[in-house]
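To start, the structure under review is shown below, and the notes come after it.
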Amino acid sequence: MSLLENIRGPRDLKALDAQDLTELSEEIRHFLIHAVARTGGHLGPNLGVVELCIALHRAFDSPADRILWDTGHQSYVHKLLTGRQDFSKLRGKGGLSGYPSREESEHDVIENSHASTVLGWADGLAKANQVLGRWNRHVVAVIGDGALTGGMAWEALNNIAAAKDRPLIIVVNDNERSYAPTIGGLAHHLAGLRTTDGYERALSWGKDIVQRLPLLGTPLYESLHGAKKGFKEAFAPQGMFEDLGLKYVGPIDGHDIGAVEEALRRAKRFHGPVLVHCRTEKGRGYRPALEDEADRFHTVGVMNPLTCEPLVPAGGRSWTSVFGDEMLRIGAERPDVVAITAAMLHPVGLTKFAAAYPDRVWDVGIAEQHAATSAAGLATGGLHPVFAVYATFLNRAFDQVLMDVALHKCGVTFVLDRAGVTGTDGPSHNGMWDMSILQVVPGLRIAAPRDADQLRAQLREAVDVHDAPTVVRFPKETVGPALPALARVGGMDVLSAPETTHPDVLLVAVGAMATVALDAADLLAARGTACTVVDPRWVKPVDEALPALAARHRVVAVVEDNSRTGGVGSAIAQTLRDAGVDLPVRTFGIPEQFLPHAKRGEVLADLGLTPAEIAGRISATLVRRAAAPVTEERDA
């Protein structure tokens, strides 16, 4: 039996000697490479924290001591060391989450989260320990150098450092990357710290020599100690952290278990906030990952671990690639169009644009709030910025979208990748709130393309708007075939229309749900129910022509991959009421709940967002309306 198979919990690590720990590290890396290759998942980040995680669990006693992981995509090793070694369905329905999960283990504190939040969690937990007198409990927050670019991290640091007597340990996992290489002033600062390994050794040697001098030793040391701060500023820029009030330890080789463990134990003995700076290598131990300059195999699909060739054939073009290619073309035609990303240049499809126009793209780090306000400044300065971001991450910048962009009527385009149900990344990464949250923003316009042709067209329409924010959203999946329009009513595309002049159902298909809506309409037609299917294209504001079109039908149904609460269906129902059109409105969308991880299709099926389920519920509505016609609004 291997060493890893004998690890049932963190306590099992403490009996291992140095040679065993080295062997265990190798076993873990071998396990991760082959297990993640079978399911897909976050590989590079986990290969980089093997020794760091072992040292953490040897130095502390989880779950009494709280070990917190920022974002959590680097928690696979933590899972292995806390008794979870069945990775056969990793990120799949019924399997392990790709992030920490309270449902899985008492060792998991934070569910999968957005970046830069861990220090706020740690601050609160440390305060709770202090108030409740739990002085024997420790709080350890592991945060990457990429996540440290987020403003939330520095807001928390400001509070953490103010409490000199409140124990809290911050471990900076410094691999010079988030998804891609970390950028910005902090990155340069940490680069400076990486060059000062000998500083503490030299200082300690000097202290011992000076203090041993007869008579003059102690007074001379105290005098020289007054110059320490200036010396440190010149030769070791960790002074920035110490100026905040944080004791700084490092930099430490994050792949030396003994060194990391000793640093952590030193920090553990200090009765105040301590920052332990560990240098690690993303993708360590796996040459293909180390040679991947884009993101060191941050996330991989199902693949052959030896050749890295995908085992599942590509299903077609992604929405992201369609956007990236069209941005490149727009960039050639419009020198005023610029791009912004929040530490995700490659994942959101801006790689080609950046290569062609390096002076017109900015990666601001994990700082969505700053990105939105900076975009407002760019627009005010005469440019048209396109901020490409995952839909779930725009939630973090709502105030800036509302007060900085919309209030000032700035022409900024937000391109929301991974909108709707994303699936395997779980609750925090579903982009299911954007069309609800953004409904309340005055003047803002939302486009939901149904296919690649519409994405290209609507992106161009969006960047032509100069007096208001625009949003273009699309899902995480391959683009389906083109869905041509039969006609246009107002700004809406008619995708299917029955021959009768008195159809039963107006089916409003939002974005990528158009195929589902069309299939549902076919099922209804087979049952003798005449159905008109329209794609509104721009779902906010509701098209002025929609009330008159709806009035020709008996029922209106809206299909969207967004929360039912406050989404497109709600906006349409309100518009119909305002226009005096009294029809039942059935909204087929996502209920107000956090969704478990599974494939997108599986999640949609579980929610009833399938053609058969939608057709069945619409039929039931028509039956009820025929039996007892009343004015009502229903949600499904």
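Identifiers for the structure tokens are assigned positionally: chains receive A, B, ... in sequence, residues are indexed from 1 per chain, and ligands are indexed from 1 in the order shown.
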
*Could you pull the residues within 12 Å of Leu609 in chain A, counting only C-alpha atoms, minus those fewer than 5 positions along the same chain, as a PyMOL selection string?*
chain A and resi 421+509+513-517+519-520+558-562+564+587-591+600-604+614-617+636

Keeping only N, CA and C atoms, take the residues you just selected and write them out as a compact mmCIF listing (two decimals), in the first residue's frame.
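Saved the output as again19.txt:
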```txt
# COMPACT_ATOMS: atom_id res chain seq x y z
N VAL A 421 -25.79 28.83 -16.75
CA VAL A 421 -25.26 27.68 -16.02
C VAL A 421 -23.91 27.29 -16.62
N ALA A 509 -37.49 33.33 -26.57
CA ALA A 509 -36.26 32.56 -26.38
C ALA A 509 -35.10 33.51 -26.12
N MET A 513 -30.70 29.78 -25.27
CA MET A 513 -31.85 28.90 -25.02
C MET A 513 -32.78 28.83 -26.22
N ALA A 514 -32.41 29.47 -27.31
CA ALA A 514 -33.28 29.49 -28.50
C ALA A 514 -33.51 28.09 -29.04
N THR A 515 -32.50 27.27 -29.07
CA THR A 515 -32.66 25.90 -29.59
C THR A 515 -33.65 25.11 -28.74
N VAL A 516 -33.54 25.25 -27.42
CA VAL A 516 -34.47 24.58 -26.51
C VAL A 516 -35.90 25.05 -26.77
N ALA A 517 -36.06 26.36 -26.95
CA ALA A 517 -37.39 26.92 -27.20
C ALA A 517 -37.96 26.43 -28.51
N ASP A 519 -37.26 23.63 -30.07
CA ASP A 519 -37.62 22.21 -29.92
C ASP A 519 -38.91 22.06 -29.12
N ALA A 520 -39.08 22.89 -28.10
CA ALA A 520 -40.32 22.86 -27.33
C ALA A 520 -41.50 23.24 -28.22
N VAL A 558 -41.43 32.49 -21.35
CA VAL A 558 -40.07 33.00 -21.51
C VAL A 558 -39.10 31.92 -21.05
N VAL A 559 -38.11 31.62 -21.87
CA VAL A 559 -37.09 30.61 -21.54
C VAL A 559 -35.74 31.31 -21.44
N GLU A 560 -35.15 31.28 -20.24
CA GLU A 560 -33.87 31.97 -20.02
C GLU A 560 -32.98 31.14 -19.09
N ASP A 561 -31.66 31.26 -19.26
CA ASP A 561 -30.73 30.58 -18.35
C ASP A 561 -30.19 31.59 -17.33
N ASN A 562 -31.12 32.17 -16.62
CA ASN A 562 -30.86 33.19 -15.61
C ASN A 562 -31.85 32.95 -14.47
N ARG A 564 -34.97 33.16 -12.27
CA ARG A 564 -36.33 33.59 -12.55
C ARG A 564 -36.66 34.88 -11.82
N THR A 587 -42.53 31.75 -16.77
CA THR A 587 -41.08 31.97 -16.87
C THR A 587 -40.36 30.66 -16.58
N PHE A 588 -39.61 30.18 -17.54
CA PHE A 588 -38.79 28.98 -17.36
C PHE A 588 -37.34 29.43 -17.21
N GLY A 589 -36.84 29.36 -16.00
CA GLY A 589 -35.48 29.80 -15.73
C GLY A 589 -34.92 29.06 -14.53
N ILE A 590 -33.98 29.68 -13.84
CA ILE A 590 -33.28 29.04 -12.74
C ILE A 590 -33.92 29.47 -11.43
N PRO A 591 -34.27 28.53 -10.56
CA PRO A 591 -34.86 28.91 -9.27
C PRO A 591 -33.84 29.63 -8.39
N ARG A 600 -23.27 21.16 -17.66
CA ARG A 600 -24.32 22.14 -17.94
C ARG A 600 -25.64 21.46 -18.34
N GLY A 601 -25.56 20.47 -19.25
CA GLY A 601 -26.76 19.79 -19.70
C GLY A 601 -27.48 19.07 -18.56
N GLU A 602 -26.71 18.49 -17.65
CA GLU A 602 -27.30 17.79 -16.51
C GLU A 602 -28.02 18.77 -15.58
N VAL A 603 -27.39 19.92 -15.35
CA VAL A 603 -28.01 20.93 -14.47
C VAL A 603 -29.31 21.43 -15.10
N LEU A 604 -29.27 21.75 -16.40
CA LEU A 604 -30.47 22.25 -17.08
C LEU A 604 -31.59 21.21 -17.03
N ILE A 614 -40.66 21.87 -20.78
CA ILE A 614 -41.24 23.19 -21.08
C ILE A 614 -42.56 23.03 -21.84
N ALA A 615 -42.54 22.16 -22.83
CA ALA A 615 -43.77 21.94 -23.61
C ALA A 615 -44.89 21.41 -22.72
N GLY A 616 -44.55 20.49 -21.81
CA GLY A 616 -45.56 19.93 -20.93
C GLY A 616 -46.17 20.97 -20.01
N ARG A 617 -45.37 21.84 -19.47
CA ARG A 617 -45.89 22.85 -18.55
C ARG A 617 -46.71 23.92 -19.29
N ALA A 636 -42.67 29.22 -13.49
CA ALA A 636 -42.39 27.78 -13.43
C ALA A 636 -40.92 27.58 -13.19
```

*From a DSSP calculation on the backbone, collect every residue of range 298-510 of chain A in helix (DSSP H, G or I) and output the set as an NGL selection string.*
:A and (319-333 or 351-356 or 358-360 or 368-380 or 391-406 or 427-429 or 434-440 or 452-463)

Please provide the set of residues having any atom within 12 Å of Gly382 in chain A, restricted to only C-alpha atoms, with same-chain residues fewer than 2 positions apart removed, written as a tab-separated table (two decimals) with N, CA and C atoms, in the first residue's frame.
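Written out: around39.tsv:
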```tsv
chain	number	residue	atom	x	y	z
A	335	PRO	N	-9.92	52.19	-34.16
A	335	PRO	CA	-8.78	52.43	-33.25
A	335	PRO	C	-9.18	52.93	-31.88
A	336	ASP	N	-10.44	53.32	-31.72
A	336	ASP	CA	-10.89	53.80	-30.41
A	336	ASP	C	-11.34	52.65	-29.50
A	337	VAL	N	-11.49	51.45	-30.06
A	337	VAL	CA	-11.93	50.32	-29.25
A	337	VAL	C	-10.72	49.73	-28.53
A	338	VAL	N	-10.83	49.63	-27.21
A	338	VAL	CA	-9.77	49.08	-26.37
A	338	VAL	C	-10.37	47.96	-25.51
A	375	ALA	N	-12.76	51.70	-16.90
A	375	ALA	CA	-13.45	51.73	-18.19
A	375	ALA	C	-14.26	53.01	-18.35
A	376	ALA	N	-14.89	53.45	-17.26
A	376	ALA	CA	-15.63	54.71	-17.32
A	376	ALA	C	-14.69	55.87	-17.66
A	377	GLY	N	-13.50	55.83	-17.08
A	377	GLY	CA	-12.52	56.87	-17.39
A	377	GLY	C	-12.06	56.81	-18.83
A	378	LEU	N	-11.85	55.60	-19.34
A	378	LEU	CA	-11.44	55.45	-20.74
A	378	LEU	C	-12.52	55.99	-21.67
A	379	ALA	N	-13.79	55.68	-21.36
A	379	ALA	CA	-14.89	56.17	-22.19
A	379	ALA	C	-14.98	57.69	-22.14
A	380	THR	N	-14.84	58.24	-20.95
A	380	THR	CA	-14.88	59.70	-20.81
A	380	THR	C	-13.73	60.35	-21.56
A	384	HIS	N	-13.63	53.62	-26.57
A	384	HIS	CA	-14.74	52.71	-26.26
A	384	HIS	C	-14.14	51.42	-25.68
A	385	PRO	N	-14.17	51.27	-24.35
A	385	PRO	CA	-13.61	50.07	-23.73
A	385	PRO	C	-14.56	48.89	-23.77
A	410	CYS	N	-21.63	56.47	-19.71
A	410	CYS	CA	-20.39	56.14	-20.40
A	410	CYS	C	-20.61	54.98	-21.36
A	411	GLY	N	-20.07	55.10	-22.55
A	411	GLY	CA	-20.15	54.04	-23.54
A	411	GLY	C	-19.13	52.95	-23.25
A	412	VAL	N	-19.49	52.03	-22.40
A	412	VAL	CA	-18.64	50.89	-22.04
A	412	VAL	C	-19.39	49.61	-22.39
A	466	HIS	N	-22.56	54.90	-27.58
A	466	HIS	CA	-21.56	55.76	-26.92
A	466	HIS	C	-22.11	56.51	-25.71
A	467	ASP	N	-23.40	56.37	-25.44
A	467	ASP	CA	-23.98	57.17	-24.37
A	467	ASP	C	-24.61	56.32	-23.26
```

*Find the residues near Ala128 in chain A: any atom within 12 Å, counting only C-alpha atoms, skip ones fewer than 2 places away on the same chain, and give them as a PyMOL selection string.*
chain A and resi 66+121-126+130-135+137-139+166-168

*Tell me, as JSON, numbers by chain, which residues lie within 12 Å of Leu68 in chain A, counting only C-alpha atoms; anything in the same chain fewer than 4 positions away does not count.*
{"A": [53, 56, 57, 62, 63, 72, 73, 74, 75, 78, 99, 100, 101, 102, 107, 108, 109, 110, 111, 112, 113, 116, 117, 118, 119, 120, 121, 122, 123, 125, 126, 138, 139, 140, 141, 142, 143, 144, 168, 169, 170, 171, 172]}

With C-alpha atoms retained, could you export that selection as a JSON list (two decimals), in the first residue's frame?
```
[["chain", "number", "residue", "atom", "x", "y", "z"],
["A", 53, "CYS", "CA", -0.16, 21.76, 1.88],
["A", 56, "LEU", "CA", 0.34, 23.25, 6.66],
["A", 57, "HIS", "CA", -1.33, 20.08, 7.87],
["A", 62, "SER", "CA", -7.32, 21.01, 11.24],
["A", 63, "PRO", "CA", -10.27, 21.33, 11.72],
["A", 72, "GLY", "CA", -10.03, 27.11, -3.66],
["A", 73, "HIS", "CA", -9.03, 25.74, -7.05],
["A", 74, "GLN", "CA", -5.74, 24.66, -5.43],
["A", 75, "SER", "CA", -7.42, 22.54, -2.75],
["A", 78, "HIS", "CA", -5.93, 19.40, 0.88],
["A", 99, "TYR", "CA", -13.29, 23.52, -4.67],
["A", 100, "PRO", "CA", -13.57, 23.23, -0.88],
["A", 101, "SER", "CA", -17.06, 22.16, 0.16],
["A", 102, "ARG", "CA", -18.58, 22.11, 3.62],
["A", 107, "HIS", "CA", -11.86, 20.51, 7.13],
["A", 108, "ASP", "CA", -13.40, 22.79, 4.49],
["A", 109, "VAL", "CA", -14.30, 26.24, 5.81],
["A", 110, "ILE", "CA", -15.05, 28.33, 2.72],
["A", 111, "GLU", "CA", -17.11, 27.00, -0.16],
["A", 112, "ASN", "CA", -15.72, 27.59, -3.64],
["A", 113, "SER", "CA", -15.43, 31.34, -3.81],
["A", 116, "SER", "CA", -9.32, 37.83, -2.79],
["A", 117, "THR", "CA", -11.94, 37.02, -0.14],
["A", 118, "VAL", "CA", -9.94, 34.75, 2.17],
["A", 119, "LEU", "CA", -8.35, 37.50, 4.25],
["A", 120, "GLY", "CA", -11.78, 38.92, 5.09],
["A", 121, "TRP", "CA", -12.86, 35.45, 6.23],
["A", 122, "ALA", "CA", -9.68, 35.07, 8.26],
["A", 123, "ASP", "CA", -10.13, 38.45, 9.92],
["A", 125, "LEU", "CA", -12.66, 34.06, 12.28],
["A", 126, "ALA", "CA", -9.69, 35.46, 14.23],
["A", 138, "HIS", "CA", -5.24, 29.26, 14.87],
["A", 139, "VAL", "CA", -6.50, 30.81, 11.65],
["A", 140, "VAL", "CA", -4.38, 30.32, 8.54],
["A", 141, "ALA", "CA", -5.27, 32.02, 5.26],
["A", 142, "VAL", "CA", -3.57, 30.81, 2.07],
["A", 143, "ILE", "CA", -3.68, 33.42, -0.68],
["A", 144, "GLY", "CA", -1.90, 33.56, -4.02],
["A", 168, "LEU", "CA", -3.60, 35.26, 12.34],
["A", 169, "ILE", "CA", -1.25, 33.70, 9.82],
["A", 170, "ILE", "CA", -1.28, 34.69, 6.16],
["A", 171, "VAL", "CA", 0.53, 32.35, 3.78],
["A", 172, "VAL", "CA", 1.29, 33.99, 0.44]]
```

*Distance criterion (only C-alpha atoms): nearest to Leu90 in chain A out of A:Asp425, A:Glu326, A:Glu592, A:Glu309*: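 Among the listed residues, A:Asp425 lies closest to Leu90 in chain A.
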
*Choose the residue, out of A:Leu595, A:Val364, A:Val494, A:Ala372, that has the smallest atom-to-atom separation from Thr149 in chain A; count only C-alpha atoms.*
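Selected residue with least distance to Thr149 in chain A: A:Val364.
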
Range 557-578 of chain A residues near range 542-549 of chain A within 12 Å, closest pair each, using only C-alpha atoms, as JSON lines:
```
{"residue": "A:Gly567", "atom": "CA", "partner": "A:Val542", "partner_atom": "CA", "distance": 11.4}
{"residue": "A:Val568", "atom": "CA", "partner": "A:Val542", "partner_atom": "CA", "distance": 8.3}
{"residue": "A:Gly569", "atom": "CA", "partner": "A:Val542", "partner_atom": "CA", "distance": 10.0}
{"residue": "A:Ser570", "atom": "CA", "partner": "A:Val542", "partner_atom": "CA", "distance": 10.5}
{"residue": "A:Ala571", "atom": "CA", "partner": "A:Val542", "partner_atom": "CA", "distance": 7.1}
{"residue": "A:Ile572", "atom": "CA", "partner": "A:Val542", "partner_atom": "CA", "distance": 6.5}
{"residue": "A:Ala573", "atom": "CA", "partner": "A:Pro547", "partner_atom": "CA", "distance": 9.6}
{"residue": "A:Gln574", "atom": "CA", "partner": "A:Val542", "partner_atom": "CA", "distance": 9.7}
{"residue": "A:Thr575", "atom": "CA", "partner": "A:Val542", "partner_atom": "CA", "distance": 7.2}
{"residue": "A:Leu576", "atom": "CA", "partner": "A:Pro547", "partner_atom": "CA", "distance": 5.6}
{"residue": "A:Arg577", "atom": "CA", "partner": "A:Pro547", "partner_atom": "CA", "distance": 9.0}
{"residue": "A:Asp578", "atom": "CA", "partner": "A:Pro547", "partner_atom": "CA", "distance": 9.3}
```

*asked:* So that I can see what lies close to range 286-302 of chain A, please list as a PyMOL selection string the residues with an atom at most 10 Å from it, counting only C-alpha atoms and leaving out residues fewer than 4 positions away in the same chain.
replied: chain A and resi 29-30+33+35-48+73-74+177-181+281-282+306-313+344-347+351

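Residue nearest Leu506 in chain A within the list A:Arg624, A:Arg279, A:Arg527, A:Arg586: A:Arg586 [criterion: smallest interatomic distance, only C-alpha atoms].
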
*asked:* Using only C-alpha atoms, can you tell me which of A:Leu328, A:Cys278, A:Val405, A:Ala161 comes closest to Leu246 in chain A?
replied: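 Between A:Leu328, A:Cys278, A:Val405, A:Ala161, the residue approaching Leu246 in chain A most closely is A:Ala161.
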
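By chain and then residue number, the residues within 9 Å of Glu27 in chain A are A:Ser2, A:Leu3, A:Leu4, counting only C-alpha atoms and disregarding those fewer than 6 positions away in sequence.
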
Take the residues that were just selected and, keeping N, CA, C and O atoms, output them as a compact mmCIF listing (two decimals), in the first residue's frame.
```txt
# COMPACT_ATOMS: atom_id res chain seq x y z
N SER A 2 0.54 2.23 -0.81
CA SER A 2 1.35 3.44 -0.90
C SER A 2 1.16 4.31 0.33
O SER A 2 0.23 4.13 1.13
N LEU A 3 2.05 5.26 0.49
CA LEU A 3 1.94 6.20 1.61
C LEU A 3 0.64 6.98 1.53
O LEU A 3 -0.03 7.21 2.54
N LEU A 4 0.28 7.41 0.32
CA LEU A 4 -0.93 8.21 0.16
C LEU A 4 -2.17 7.43 0.58
O LEU A 4 -3.07 7.98 1.22
```

_Atom-to-atom span, CA of Ser563 in chain A and CA of Lys89 in chain A, Å_ = 27.2 Å

*as an MDAnalysis selection string, which residues of range 420-546 of chain A does DSSP assign to strand (DSSP E)?*
chainID A and resid 445:447 470:473 487:489 492:496 505:509 531:535 538:540

Let's have the selection written as a compact mmCIF listing (two decimals), in the first residue's frame, with N, CA and C atoms.
```txt
# COMPACT_ATOMS: atom_id res chain seq x y z
N ARG A 445 -28.18 48.41 -21.54
CA ARG A 445 -28.81 47.54 -22.54
C ARG A 445 -28.11 46.19 -22.53
N ILE A 446 -28.89 45.11 -22.62
CA ILE A 446 -28.34 43.76 -22.56
C ILE A 446 -28.68 43.00 -23.83
N ALA A 447 -27.66 42.46 -24.46
CA ALA A 447 -27.81 41.62 -25.65
C ALA A 447 -27.52 40.17 -25.29
N THR A 470 -23.41 48.90 -22.35
CA THR A 470 -24.02 47.77 -23.04
C THR A 470 -23.41 46.48 -22.51
N VAL A 471 -24.19 45.42 -22.60
CA VAL A 471 -23.76 44.10 -22.13
C VAL A 471 -24.03 43.08 -23.22
N VAL A 472 -23.06 42.22 -23.49
CA VAL A 472 -23.23 41.09 -24.41
C VAL A 472 -22.87 39.84 -23.62
N ARG A 473 -23.80 38.90 -23.54
CA ARG A 473 -23.57 37.69 -22.71
C ARG A 473 -23.69 36.42 -23.54
N ALA A 487 -38.40 36.58 -39.94
CA ALA A 487 -38.87 37.96 -40.08
C ALA A 487 -38.39 38.73 -38.86
N ARG A 488 -38.65 40.02 -38.87
CA ARG A 488 -38.30 40.85 -37.70
C ARG A 488 -39.52 41.69 -37.33
N VAL A 489 -39.84 41.69 -36.05
CA VAL A 489 -40.91 42.52 -35.51
C VAL A 489 -40.27 43.47 -34.51
N MET A 492 -37.03 42.47 -32.72
CA MET A 492 -37.03 41.04 -32.39
C MET A 492 -37.00 40.20 -33.65
N ASP A 493 -36.28 39.07 -33.58
CA ASP A 493 -36.25 38.11 -34.68
C ASP A 493 -37.32 37.05 -34.46
N VAL A 494 -38.12 36.80 -35.47
CA VAL A 494 -39.10 35.72 -35.41
C VAL A 494 -38.41 34.47 -35.94
N LEU A 495 -38.30 33.45 -35.08
CA LEU A 495 -37.59 32.22 -35.45
C LEU A 495 -38.53 31.14 -35.94
N SER A 496 -39.78 31.20 -35.50
CA SER A 496 -40.78 30.22 -35.92
C SER A 496 -42.16 30.84 -35.80
N VAL A 505 -49.42 30.36 -28.29
CA VAL A 505 -48.32 30.67 -27.37
C VAL A 505 -47.29 31.57 -28.06
N LEU A 506 -46.88 32.63 -27.34
CA LEU A 506 -45.71 33.40 -27.74
C LEU A 506 -44.56 32.93 -26.86
N LEU A 507 -43.60 32.28 -27.48
CA LEU A 507 -42.46 31.73 -26.76
C LEU A 507 -41.26 32.63 -26.99
N VAL A 508 -40.79 33.29 -25.91
CA VAL A 508 -39.66 34.22 -26.00
C VAL A 508 -38.40 33.48 -25.62
N ALA A 509 -37.49 33.33 -26.57
CA ALA A 509 -36.26 32.56 -26.38
C ALA A 509 -35.10 33.51 -26.12
N CYS A 531 -47.51 27.87 -31.98
CA CYS A 531 -46.54 28.61 -31.16
C CYS A 531 -45.68 29.51 -32.03
N THR A 532 -45.56 30.77 -31.62
CA THR A 532 -44.64 31.71 -32.25
C THR A 532 -43.40 31.81 -31.38
N VAL A 533 -42.22 31.66 -31.98
CA VAL A 533 -40.96 31.76 -31.23
C VAL A 533 -40.22 33.02 -31.69
N VAL A 534 -39.90 33.87 -30.73
CA VAL A 534 -39.14 35.09 -31.05
C VAL A 534 -37.88 35.15 -30.21
N ASP A 535 -36.86 35.70 -30.80
CA ASP A 535 -35.62 36.03 -30.09
C ASP A 535 -35.58 37.54 -29.95
N TRP A 538 -32.03 41.96 -27.97
CA TRP A 538 -31.73 42.83 -26.84
C TRP A 538 -32.83 42.64 -25.80
N VAL A 539 -32.47 42.03 -24.66
CA VAL A 539 -33.48 41.67 -23.66
C VAL A 539 -33.74 42.78 -22.66
N LYS A 540 -32.89 43.78 -22.65
CA LYS A 540 -33.13 44.99 -21.86
C LYS A 540 -32.69 46.17 -22.69
```

Using only C-alpha atoms, tabulate the residues of range 478-554 of chain A lying at most 10 Å from any atom of range 454-459 of chain A, each with its closest atom pair and that distance in Å to one decimal, by chain and increasing residue number, as CSV.
```
residue,atom,partner,partner_atom,distance
A:Ala482,CA,A:Gln454,CA,8.6
A:Leu483,CA,A:Gln454,CA,9.1
A:Pro484,CA,A:Gln454,CA,9.6
A:Gly511,CA,A:Gln454,CA,9.3
A:Arg537,CA,A:Gln458,CA,8.0
A:Trp538,CA,A:Gln458,CA,8.5
```
